[in-house]
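Pasted below: data-v3.tsv, TSV, C-alpha atoms.
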```tsv
chain	number	residue	atom	x	y	z
A	1	MET	CA	-16.67	1.45	0.81
A	2	GLY	CA	-13.39	-0.27	0.21
A	3	PHE	CA	-10.03	1.17	-0.48
A	4	TYR	CA	-7.55	-0.57	-2.74
A	5	GLU	CA	-4.02	0.44	-3.57
A	6	GLY	CA	-1.98	-1.31	-6.21
A	7	VAL	CA	1.48	-0.76	-7.54
A	8	CYS	CA	2.21	-0.88	-11.25
A	9	PRO	CA	5.66	-1.05	-12.84
A	10	SER	CA	6.69	1.53	-15.38
A	11	PHE	CA	7.12	-0.52	-18.53
A	12	SER	CA	8.09	1.58	-21.49
A	13	CYS	CA	8.76	-0.03	-24.85
A	14	PRO	CA	10.23	3.18	-26.33
A	15	ASN	CA	12.78	3.25	-23.50
A	16	ARG	CA	13.80	-0.35	-24.17
A	17	ARG	CA	13.99	0.28	-27.90
A	18	ARG	CA	16.17	3.37	-27.38
A	19	GLY	CA	18.37	1.40	-25.00
A	20	ARG	CA	19.04	-1.24	-27.66
A	21	LYS	CA	19.51	1.33	-30.40
A	22	TRP	CA	21.95	3.56	-28.52
A	23	LYS	CA	23.61	0.72	-26.60
A	24	GLY	CA	22.56	2.16	-23.27
A	25	GLY	CA	20.59	0.76	-20.40
A	26	THR	CA	16.95	1.52	-19.91
A	27	LYS	CA	16.19	4.38	-17.61
A	28	ASP	CA	14.16	3.48	-14.58
A	29	ARG	CA	11.30	5.94	-14.54
A	30	GLY	CA	10.03	4.76	-11.17
A	31	TRP	CA	6.73	3.25	-10.11
A	32	LEU	CA	3.18	4.43	-10.52
A	33	ARG	CA	0.75	3.71	-7.71
A	34	PHE	CA	-2.96	3.39	-8.35
A	35	HIS	CA	-5.23	4.22	-5.39
A	36	VAL	CA	-8.93	3.36	-5.70
A	37	LEU	CA	-11.98	4.03	-3.56
A	38	SER	CA	-14.72	1.63	-4.60
A	39	ASP	CA	-18.16	0.54	-3.51
A	40	LEU	CA	-17.99	-2.96	-2.02
A	41	ASP	CA	-21.55	-3.85	-3.01
A	42	THR	CA	-21.47	-2.82	-6.66
A	43	GLY	CA	-17.73	-2.75	-7.41
A	44	GLU	CA	-18.15	0.77	-8.83
A	45	ILE	CA	-15.01	2.91	-8.68
A	46	LEU	CA	-15.99	6.08	-6.84
A	47	ALA	CA	-12.64	7.89	-6.98
A	48	TYR	CA	-9.08	7.11	-7.96
A	49	ALA	CA	-5.66	8.73	-8.00
A	50	VAL	CA	-2.38	7.84	-9.64
A	51	SER	CA	0.82	8.86	-7.88
A	52	ASP	CA	4.49	8.07	-7.98
A	53	GLU	CA	6.30	6.14	-5.28
A	54	SER	CA	7.22	9.29	-3.35
A	55	VAL	CA	3.61	9.91	-2.26
A	56	GLY	CA	2.46	8.05	0.85
A	57	ASP	CA	-0.82	6.18	1.15
A	58	ALA	CA	-2.37	8.00	4.11
A	59	PRO	CA	-2.75	11.50	2.59
A	60	LEU	CA	-4.59	10.12	-0.44
A	61	LEU	CA	-7.41	8.62	1.63
A	62	ARG	CA	-8.71	12.06	2.61
A	63	LEU	CA	-8.41	13.23	-1.00
A	64	LEU	CA	-10.32	10.27	-2.45
A	65	VAL	CA	-13.08	10.31	0.16
A	66	GLY	CA	-13.47	14.05	-0.42
A	67	MET	CA	-13.66	13.55	-4.20
A	68	ALA	CA	-16.31	10.84	-3.85
A	69	ALA	CA	-18.33	12.90	-1.34
A	70	GLU	CA	-18.28	15.87	-3.74
A	71	GLY	CA	-19.64	13.52	-6.40
A	72	GLY	CA	-22.67	12.82	-4.19
A	73	HIS	CA	-21.65	9.50	-2.65
A	74	ARG	CA	-22.58	8.83	0.97
A	75	PHE	CA	-20.65	6.49	3.22
A	76	GLU	CA	-21.57	4.49	6.28
A	77	LYS	CA	-18.35	2.57	6.74
A	78	ILE	CA	-14.93	2.84	5.13
A	79	TYR	CA	-12.54	-0.13	5.05
A	80	ALA	CA	-8.82	0.37	4.48
A	81	ASP	CA	-5.61	-1.47	5.24
A	82	GLY	CA	-3.18	-0.36	7.91
A	83	ALA	CA	-1.23	1.94	5.58
A	84	TYR	CA	-4.13	4.41	5.73
A	85	SER	CA	-4.46	4.34	9.52
A	86	SER	CA	-2.93	7.71	10.34
A	87	ASP	CA	-4.18	9.92	13.17
A	88	ARG	CA	-5.19	12.61	10.65
A	89	ASN	CA	-7.30	10.08	8.71
A	90	TRP	CA	-9.03	8.94	11.89
A	91	ILE	CA	-9.89	12.51	12.83
A	92	TYR	CA	-11.00	13.42	9.29
A	93	LEU	CA	-13.21	10.37	8.82
A	94	THR	CA	-14.73	9.86	12.26
A	95	ARG	CA	-14.79	13.22	13.99
A	96	GLU	CA	-15.14	15.62	11.08
A	97	ASN	CA	-17.38	13.53	8.80
A	98	GLY	CA	-19.02	10.97	11.10
A	99	TYR	CA	-18.00	7.90	9.07
A	100	GLU	CA	-17.17	4.56	10.64
A	101	PHE	CA	-13.54	3.70	9.81
A	102	VAL	CA	-12.41	0.07	9.90
A	103	THR	CA	-8.69	-0.55	9.54
A	104	SER	CA	-6.07	-2.86	10.92
A	105	PHE	CA	-3.39	-1.76	13.34
A	106	LYS	CA	0.24	-2.67	13.86
A	107	VAL	CA	1.04	-5.57	16.15
A	108	ASN	CA	2.55	-3.31	18.81
A	109	THR	CA	-0.38	-0.86	18.88
A	110	ARG	CA	-1.41	0.46	22.26
A	111	PRO	CA	-5.09	1.25	22.87
A	112	VAL	CA	-4.72	5.03	23.06
A	113	SER	CA	-6.84	7.65	21.32
A	114	ASN	CA	-4.08	9.92	19.89
A	115	GLY	CA	-6.62	12.75	19.79
A	116	CYS	CA	-9.53	10.73	18.39
A	117	LEU	CA	-11.89	8.78	20.66
A	118	ALA	CA	-13.02	6.48	17.83
A	119	ARG	CA	-9.40	5.50	17.16
A	120	GLY	CA	-8.85	4.71	20.84
A	121	LEU	CA	-11.95	2.51	20.99
A	122	ALA	CA	-11.02	0.71	17.76
A	123	ALA	CA	-7.43	0.19	18.91
A	124	GLY	CA	-8.65	-1.16	22.25
A	125	PHE	CA	-10.93	-3.62	20.48
A	126	TRP	CA	-8.03	-4.61	18.19
A	127	CYS	CA	-5.69	-5.21	21.16
A	128	ASN	CA	-8.17	-7.20	23.26
A	129	THR	CA	-9.70	-9.43	20.58
A	130	PRO	CA	-8.24	-12.36	18.61
A	131	TYR	CA	-7.71	-11.44	14.96
A	132	LYS	CA	-10.27	-13.86	13.51
A	133	VAL	CA	-12.96	-12.66	15.92
A	134	TRP	CA	-12.01	-9.03	15.19
A	135	THR	CA	-12.35	-9.48	11.41
A	136	GLU	CA	-15.77	-11.08	11.76
A	137	ALA	CA	-17.01	-8.46	14.23
A	138	THR	CA	-15.82	-5.46	12.19
A	139	GLY	CA	-16.41	-6.84	8.71
A	140	TYR	CA	-12.79	-6.13	7.82
A	141	HIS	CA	-12.61	-9.23	5.64
A	142	PHE	CA	-15.05	-7.55	3.21
A	143	ARG	CA	-12.38	-5.06	2.12
A	144	TRP	CA	-10.88	-7.74	-0.14
A	145	LYS	CA	-13.96	-7.40	-2.34
A	146	SER	CA	-12.76	-3.95	-3.40
A	147	GLY	CA	-9.80	-5.29	-5.37
A	148	PRO	CA	-10.95	-8.31	-7.33
A	149	GLY	CA	-7.74	-8.30	-9.39
A	150	SER	CA	-5.48	-7.49	-6.47
A	151	ALA	CA	-3.68	-10.85	-6.46
A	152	ILE	CA	-2.92	-10.52	-10.15
A	153	SER	CA	-1.82	-6.90	-10.01
A	154	ARG	CA	0.29	-7.48	-6.92
A	155	ARG	CA	2.01	-10.44	-8.57
A	156	SER	CA	2.69	-8.50	-11.76
A	157	SER	CA	3.99	-5.47	-9.88
A	158	ARG	CA	7.41	-6.95	-9.22
A	159	ARG	CA	10.29	-5.27	-11.00
A	160	PRO	CA	11.82	-7.40	-13.77
```
As structure tokens, please, write out the structure in this file.
Amino acid sequence: MGFYEGVCPSFSCPNRRRGRKWKGGTKDRGWLRFHVLSDLDTGEILAYAVSDESVGDAPLLRLLVGMAAEGGHRFEKIYADGAYSSDRNWIYLTRENGYEFVTSFKVNTRPVSNGCLARGLAAGFWCNTPYKVWTEATGYHFRWKSGPGSAISRRSSRRP
């Protein structure tokens, strides 16, 4: 299962039209963030959530995995980028549900468990292995399959 998060700008034609009509500037309504849990093999979207910019990435992983599991989907391995690598996510996915969680770590990560043995083992492997070898061994490079339009949506997500 892959996890993709994209950011979409809040374009609103009525706001622009009102701004021209009343000689005022457009009001910035903020950003909407689209979080998707998808099947890497089929590309099927299993669960999604839309949030504003005030909601962090990590809490939504548990929500989306729970929604997909309630819908009858079973997971062997979950791929996500480093934004979803919180200690609570590690405990929820590996200890509580028995899933394999593959995610990147920060450059200065120390190989400690932080309350979850699977996280400690993964962090140790991350710290002691060159990045290219690590991606091949863990299959982390497959997570890019979850967002086929990610380059386009990331490019178009810049504020005007």
Inset, instruction - Do a neighbour search on segment 51-60 of chain A at 6 Å with only C-alpha atoms, toss out local chain neighbours closer than 2 positions, and write the hits as a PyMOL selection string. - result: chain A and resi 31-33+62-63+84
Inset, instruction - Kindly indicate which residue among A:Thr109, A:Ala80, A:His35, A:Leu61 lies nearest to Asn128 of chain A, using all atoms listed in the file for the distances. - result: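 The answer is A:Thr109, which sits nearest to Asn128 of chain A.
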Legend entry - Near-Thr135 of chain A list (10 Å; only C-alpha atoms; drop same-chain fewer than 4 positions) as a ChimeraX atom specification: /A:102-104,126,129-131,139-142
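Among the candidates A:Gly115, A:Ala47, A:Tyr99, A:Asp39, the residue lying nearest to Gly71 of chain A is A:Ala47 (atoms considered: only C-alpha atoms).
Atom to atom, atom CA of Val112 of chain A and atom CA of Glu76 of chain A stand 23.8 Å apart.
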Legend entry - Distance of atom CA of Gly98 of chain A from atom CA of Ser113 of chain A, expressed in Å to one decimal place: 16.2 Å
Inset, instruction - With a distance cut-off of 8 Å and only C-alpha atoms, select the neighbouring residues of Ala68 of chain A, excluding the residue or stretch itself and same-chain residues fewer than 4 positions from it, and output the selection as a list in words. - result: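 Selected residues are Leu46, Ala47, Leu64, Gly72 and His73 of chain A.
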Legend entry - atom CA of Val36 of chain A to atom CA of Cys116 of chain A, distance in Å rounded to a single decimal: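 Rounded to one decimal, the two atoms are 25.2 Å apart.
Of the residues under consideration (A:Leu40, A:Ala69, A:Ile91, A:Ile78), A:Ile91 shows the shortest atom-to-atom contact distance to Leu117 of chain A when counting only C-alpha atoms.
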Legend entry - Among the residues A:Val50, A:Asp41, A:Trp134, A:Lys77, the one that comes closest to Asn97 of chain A [using all atoms listed in the file]: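 Residue with the minimum atom-to-atom distance to Asn97 of chain A: A:Lys77.
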